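Contents: one structure, followed by commentary.
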Amino acid sequence: MIKLDHITKVFNRGEVNEVNALNDVSLQIAQGEFVVLVGANGSGKTTLLNIISGAVLPSEGSVLLHGEEVSRLPEHKRSRWVARVFQNPLAGTAPELSILDNFRLAALRTQRKKLKIGIDGAFKASVREKIAGLGLGLEDKLPQPMGTLSGGQRQALTLLMSVMDHTDILLLDEPTAALDPKSAEVVLQTAERLIREYQLTTVLITHNLRETQRFGSRLIQMNRGRIARDLDGAAKEKLELEEMYSWFG
Amino acid sequence: MIFYLTALIQGLCLSAMGLGIFITMKIFRIPDITTDGSYTLGAAVTAALLMQGWPLLPVVGVTILAGALAGVLTGLVHTRLKIDALLAGILVMTGLYSVNLSILGRSNIPLINIDTVFSALAIFDRPLYNELWVSLLFLGVLSALLAYMLRTDFGIAMRATGNSESMTRAMGINNDRMKITGLAIANALTALSGFLAAQYQNFTDINMGIGIVLVGLGSVLIGDALINWLGIRHIWLQLLFVMLGCILFQLVLAVALSLGVNPNMLKLITSVCVLAIVAIPRLARRQRS
Ligand SMILES: Nc1ncnc2c1ncn2[C@@H]1O[C@H](COP(=O)(O)OP(=O)(O)O)[C@@H](O)[C@H]1O
Ligand SMILES: [Mg+2]
């Protein structure tokens with residue numbers, strides 16, 4: 001469960017470039033809920049995800065994950081609950097490390113990285129099997145550097161990596177924005193499958209209104225650092241594409 | 001022959017530092033110039049303790065600790081105080097000059113009639129062969145340990161930190177602590193080069209570290225060029241090529257000296273060599289594009 005209580009975020013406070021990115025945002029997301037987050041550029045969507053993941057600490061207000069107060073906990077300590085896929089395919093993987101090494105780190109996301117060799121035959125086999133499930137033919141390329149893959153392949157693998165270790169919360173920040181339609185479809189289908197399979201609490205940011213219709217059990221629209229609309233599953237079902245367009249008029 | 005062997009041994013002695021610079025420069029992408037200070041620190045600690053009759057093993061231990069401490073200091077200044085790594089390195093390196101001077105007590109300690117690592121592990125009659133075999137053994141063990149470490153889960157985390165900090169943070173890695181650890185390992189390695197160099201040349205001088213970071217940098221660049229050219233992915237092989245870079249660099253300097261270059265010009269030659277190593281690929285690239 002994610003609970004944001006009166007969150008305000010001001011960047012560069014007191015300077016000429018001061019930005020009020022989030023303005024008294026309160027939000028509760030239940031276990032297993034799938035929230036789709038929309039809103040114009042600069043409306044604070046990414047900042048909201050960053051507040052949840054700990055990449056950005058709030059100026060005011062508190063963040064609770066599973067009832068635990070984590071407002072001041074840095075990002076690397078919140079990885080215990082949170083996995084994320086960034087908008088930029090480069091951000092979620094280490095390009096010079098092999099696919100296998102990337103997966104090894106992902107498998108230890110919530111654990112200590114010890115001074116012993118952890119990649120053995122069994123681990124390789126399990127990674128190979130998981131990757132084969134994508135149907136991208138990447139399972140034979142485990143020793144290849146991650147950086148040699150396309151953006152779509154990397155996003156798909158990043159998604160898989162997020163469930164290599166225990167995960168409750170999955171944050172997806174425009175995961176398909178940098179991808180061609182075909183790769184985007186692979187990534188979305190993978191996301192859908194994993195979210196269902198692992199019953200993840202999910203927040204997906206998207207600019208694609210068709211994705212908005214297709215996914216999620218709740219729809220939130222942000223506007224200028226505030227929550228402008230918050231629709232439950234039933235209301236979201238009834239929503240017409242035209243009406244959604246009008247929000248951005 | 002002796003000429004080449006000498007360059008080979010010198011290259012091996014400096015290879016520990018090369019491995020250290022490989023860690024900071026290639027793995028972490030941090031320009032660390034604490035090196036000049038921690039190299040002399042290693043040599044100073046070695047000389048001071050050997051003069052007091054310490055056995056070799058504890059001397060190695062204290063040398064490693066001293067170098068690691070220097071690295072931790074640079075790491076703390078860089079990560080906690082958010083000071084540019086270059087400036088952090090200069091601060092610690094400059095401070096170390098005084099520390100080294102007080103460890104030595106004077107500007108130069110000769111190590112004559114003292115049991116060194118080269119005499120302690122001697123198996124040949126000729127000192128030159130012993131120096132070669134001991135430095136080979138030392139660097140063989142060191143590079144194998146380092147290669148093993150880099151292949152562990154911890155080592156993967158370390159390599160990833162220099163690669164993508166947003167990724168490692170999301171994977172639960174404390175990037176700052178990792179950088180401090182990396183700088184500690186790198187400077188411990190550099191101090192070990194000082195340990196070897198002091199015993200190889202039979203003295204420690206307060207100025208022996210001046211510009212040594214440039215020698216290491218040039219060596220690592222040579223090694224890295226070979227690694228990229230040959231497309232080497234295996235970690236231990238990469239480390240061996242870094243060591244090969246150190247040896248090649250010493251050979252170049254030795255050849256320059258044998259051609260009658262004034263030894264006072266050695267630092268200038270070093271600078272020009274490193275400049276050439278850095279500039280030639282860039283000029284070649286510009287030519288092509
Ligand atoms: N690290 C930062 N420093 C300064 N301003 C920022 C930072 N991150 C975001 N902002 C600003 O906060 C506002 C909201 O940005 P963001 O959350 O990225 O919006 P969105 O993801 O909805 O496009 C924007 O005006 C942006 O410029
Ligand atoms: Mg955004």
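Letters for chains follow the order of the structure tokens (A, B, ...), residue numbers begin at 1 for each chain, and ligand numbers begin at 1 in the order shown.
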Pick out the residues no farther than 7 Å from ligand 1, counting only C-alpha atoms and all ligand atoms, and list them as an MDAnalysis selection string.
-> chainID A and resid 11:12 19:21 39:48
Tell me the residues of chain A close to chain B, meaning within 10 Å using only C-alpha atoms, as a VMD selection string.
-> chain A and resid 53 to 55 74 to 80 82 to 86 90 to 98 101 to 102 104 to 119 143 to 145 158 161 to 162 165
Dump of N, CA and C atoms for the selected residues, as a tab-separated table (two decimals), in the first residue's frame:
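Written file, out-v8.tsv:
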```tsv
chain	number	residue	atom	x	y	z
A	53	SER	N	9.46	6.57	-4.89
A	53	SER	CA	10.67	5.73	-4.94
A	53	SER	C	11.78	6.25	-4.03
A	54	GLY	N	11.71	7.53	-3.68
A	54	GLY	CA	12.75	8.10	-2.84
A	54	GLY	C	13.83	8.83	-3.62
A	55	ALA	N	13.70	8.87	-4.93
A	55	ALA	CA	14.69	9.59	-5.74
A	55	ALA	C	14.62	11.09	-5.43
A	74	PRO	N	16.37	7.17	1.87
A	74	PRO	CA	16.87	7.36	0.51
A	74	PRO	C	16.43	6.23	-0.41
A	75	GLU	N	16.56	6.49	-1.71
A	75	GLU	CA	16.04	5.58	-2.72
A	75	GLU	C	16.58	4.16	-2.57
A	76	HIS	N	17.89	4.04	-2.33
A	76	HIS	CA	18.45	2.68	-2.33
A	76	HIS	C	17.90	1.85	-1.18
A	77	LYS	N	17.38	2.51	-0.16
A	77	LYS	CA	16.80	1.74	0.94
A	77	LYS	C	15.34	1.39	0.68
A	78	ARG	N	14.70	2.14	-0.21
A	78	ARG	CA	13.30	1.83	-0.51
A	78	ARG	C	13.18	0.73	-1.56
A	79	SER	N	14.31	0.33	-2.14
A	79	SER	CA	14.27	-0.71	-3.16
A	79	SER	C	13.72	-2.00	-2.58
A	80	ARG	N	13.66	-2.08	-1.26
A	80	ARG	CA	13.06	-3.24	-0.59
A	80	ARG	C	11.60	-3.44	-1.03
A	82	VAL	N	10.14	-1.19	-3.67
A	82	VAL	CA	9.82	-0.55	-4.95
A	82	VAL	C	10.76	-0.99	-6.07
A	83	ALA	N	10.18	-1.39	-7.20
A	83	ALA	CA	10.95	-1.59	-8.42
A	83	ALA	C	10.45	-0.57	-9.43
A	84	ARG	N	11.34	-0.12	-10.32
A	84	ARG	CA	10.85	0.88	-11.26
A	84	ARG	C	11.44	0.71	-12.65
A	85	VAL	N	10.67	1.18	-13.61
A	85	VAL	CA	11.14	1.23	-15.00
A	85	VAL	C	11.11	2.69	-15.41
A	86	PHE	N	12.25	3.19	-15.87
A	86	PHE	CA	12.36	4.60	-16.19
A	86	PHE	C	11.88	4.89	-17.60
A	90	LEU	N	17.92	3.77	-21.01
A	90	LEU	CA	19.30	3.69	-20.56
A	90	LEU	C	19.41	3.73	-19.04
A	91	ALA	N	18.39	4.30	-18.39
A	91	ALA	CA	18.52	4.58	-16.96
A	91	ALA	C	18.35	3.35	-16.08
A	92	GLY	N	17.66	2.34	-16.57
A	92	GLY	CA	17.32	1.21	-15.71
A	92	GLY	C	18.27	0.03	-15.76
A	93	THR	N	19.28	0.12	-16.65
A	93	THR	CA	20.22	-0.98	-16.78
A	93	THR	C	21.65	-0.44	-16.81
A	94	ALA	N	22.61	-1.32	-16.55
A	94	ALA	CA	24.02	-0.94	-16.64
A	94	ALA	C	24.53	-1.39	-18.01
A	95	PRO	N	24.75	-0.44	-18.95
A	95	PRO	CA	25.00	-0.81	-20.35
A	95	PRO	C	26.25	-1.65	-20.58
A	96	GLU	N	27.31	-1.41	-19.78
A	96	GLU	CA	28.55	-2.13	-20.07
A	96	GLU	C	28.59	-3.51	-19.43
A	97	LEU	N	27.66	-3.75	-18.51
A	97	LEU	CA	27.61	-5.08	-17.90
A	97	LEU	C	26.78	-6.01	-18.76
A	98	SER	N	27.06	-7.30	-18.64
A	98	SER	CA	26.33	-8.28	-19.43
A	98	SER	C	24.87	-8.35	-18.98
A	101	ASP	N	24.84	-10.22	-15.73
A	101	ASP	CA	25.23	-9.43	-14.56
A	101	ASP	C	24.10	-8.49	-14.13
A	102	ASN	N	23.43	-7.88	-15.11
A	102	ASN	CA	22.29	-7.01	-14.79
A	102	ASN	C	21.23	-7.78	-14.03
A	104	ARG	N	21.66	-10.45	-12.29
A	104	ARG	CA	22.17	-10.86	-10.98
A	104	ARG	C	21.90	-9.74	-9.96
A	105	LEU	N	22.18	-8.51	-10.35
A	105	LEU	CA	21.92	-7.39	-9.44
A	105	LEU	C	20.44	-7.29	-9.13
A	106	ALA	N	19.63	-7.49	-10.17
A	106	ALA	CA	18.18	-7.38	-9.98
A	106	ALA	C	17.69	-8.46	-9.01
A	107	ALA	N	18.32	-9.64	-9.09
A	107	ALA	CA	17.90	-10.73	-8.21
A	107	ALA	C	18.27	-10.43	-6.76
A	108	LEU	N	19.20	-9.47	-6.56
A	108	LEU	CA	19.64	-9.12	-5.20
A	108	LEU	C	19.15	-7.73	-4.80
A	109	ARG	N	18.09	-7.25	-5.47
A	109	ARG	CA	17.67	-5.87	-5.24
A	109	ARG	C	17.41	-5.59	-3.76
A	110	THR	N	16.81	-6.53	-3.06
A	110	THR	CA	16.47	-6.27	-1.66
A	110	THR	C	17.50	-6.90	-0.71
A	111	GLN	N	18.59	-7.44	-1.26
A	111	GLN	CA	19.53	-8.16	-0.42
A	111	GLN	C	20.93	-7.57	-0.48
A	112	ARG	N	21.80	-8.09	0.40
A	112	ARG	CA	23.20	-7.64	0.38
A	112	ARG	C	23.93	-8.27	-0.78
A	113	LYS	N	24.82	-7.50	-1.39
A	113	LYS	CA	25.64	-8.02	-2.48
A	113	LYS	C	26.93	-8.53	-1.85
A	114	LYS	N	27.04	-9.83	-1.74
A	114	LYS	CA	28.13	-10.40	-0.94
A	114	LYS	C	29.39	-10.63	-1.76
A	115	LEU	N	30.47	-10.87	-1.02
A	115	LEU	CA	31.76	-11.12	-1.65
A	115	LEU	C	31.89	-12.58	-2.05
A	116	LYS	N	30.89	-13.08	-2.76
A	116	LYS	CA	31.06	-14.42	-3.30
A	116	LYS	C	30.41	-14.50	-4.67
A	117	ILE	N	30.85	-15.45	-5.45
A	117	ILE	CA	30.35	-15.54	-6.81
A	117	ILE	C	28.95	-16.15	-6.78
A	118	GLY	N	27.99	-15.38	-7.24
A	118	GLY	CA	26.60	-15.81	-7.11
A	118	GLY	C	26.01	-16.36	-8.41
A	119	ILE	N	26.70	-16.13	-9.51
A	119	ILE	CA	26.18	-16.60	-10.79
A	119	ILE	C	26.64	-18.04	-11.01
A	143	PRO	N	25.67	-13.32	-22.19
A	143	PRO	CA	26.97	-12.67	-21.91
A	143	PRO	C	27.14	-11.33	-22.62
A	144	GLN	N	26.17	-10.95	-23.46
A	144	GLN	CA	26.31	-9.69	-24.21
A	144	GLN	C	26.12	-8.48	-23.32
A	145	PRO	N	26.87	-7.39	-23.58
A	145	PRO	CA	26.62	-6.17	-22.80
A	145	PRO	C	25.21	-5.67	-23.07
A	158	THR	N	14.24	-4.78	-18.43
A	158	THR	CA	14.13	-4.04	-17.18
A	158	THR	C	12.87	-4.46	-16.42
A	161	MET	N	13.51	-7.74	-14.93
A	161	MET	CA	14.43	-7.57	-13.80
A	161	MET	C	13.69	-7.12	-12.55
A	162	SER	N	12.64	-6.33	-12.73
A	162	SER	CA	11.95	-5.80	-11.56
A	162	SER	C	11.25	-6.88	-10.75
A	165	ASP	N	13.46	-10.18	-7.87
A	165	ASP	CA	13.48	-10.27	-6.42
A	165	ASP	C	12.10	-9.85	-5.93
```
Neighbour list for stretch 82-88 of chain B as a list in words, cut-off 8 Å, only C-alpha atoms, skip fewer than 6 positions in-chain = Ile30, Pro31, Asp32, Ile33, Thr74 and Gly75 of chain B
Take the residues from that selection and write them out as an mmCIF file, in the first residue's frame, keeping C-alpha atoms.
```cif
data_model
loop_
_atom_site.group_PDB
_atom_site.id
_atom_site.type_symbol
_atom_site.label_atom_id
_atom_site.label_comp_id
_atom_site.auth_asym_id
_atom_site.auth_seq_id
_atom_site.Cartn_x
_atom_site.Cartn_y
_atom_site.Cartn_z
ATOM 1 C CA ILE B 30 36.357 9.120 -11.139
ATOM 2 C CA PRO B 31 39.546 11.066 -11.888
ATOM 3 C CA ASP B 32 41.444 10.259 -8.699
ATOM 4 C CA ILE B 33 44.830 11.861 -8.215
ATOM 5 C CA THR B 74 39.228 11.325 -0.739
ATOM 6 C CA GLY B 75 35.967 9.390 -1.027
#
```
Between atom CA of A:Ser59 and atom CA of A:Gly14 - distance in Å to one decimal = 12.9 Å
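Within 12 Å of stretch 257-268 of chain B, once only C-alpha atoms are used and residues closer than 3 positions along the same chain are dropped, the contacting residues are Phe3, Tyr4, Ala7, Met208, Gly209, Ile210, Gly211, Ile212, Val213, Leu214, Val215, Gln250, Leu251, Val252, Leu253, Ala254, Ser271, Val272, Cys273, Val274 and Leu275 of chain B.
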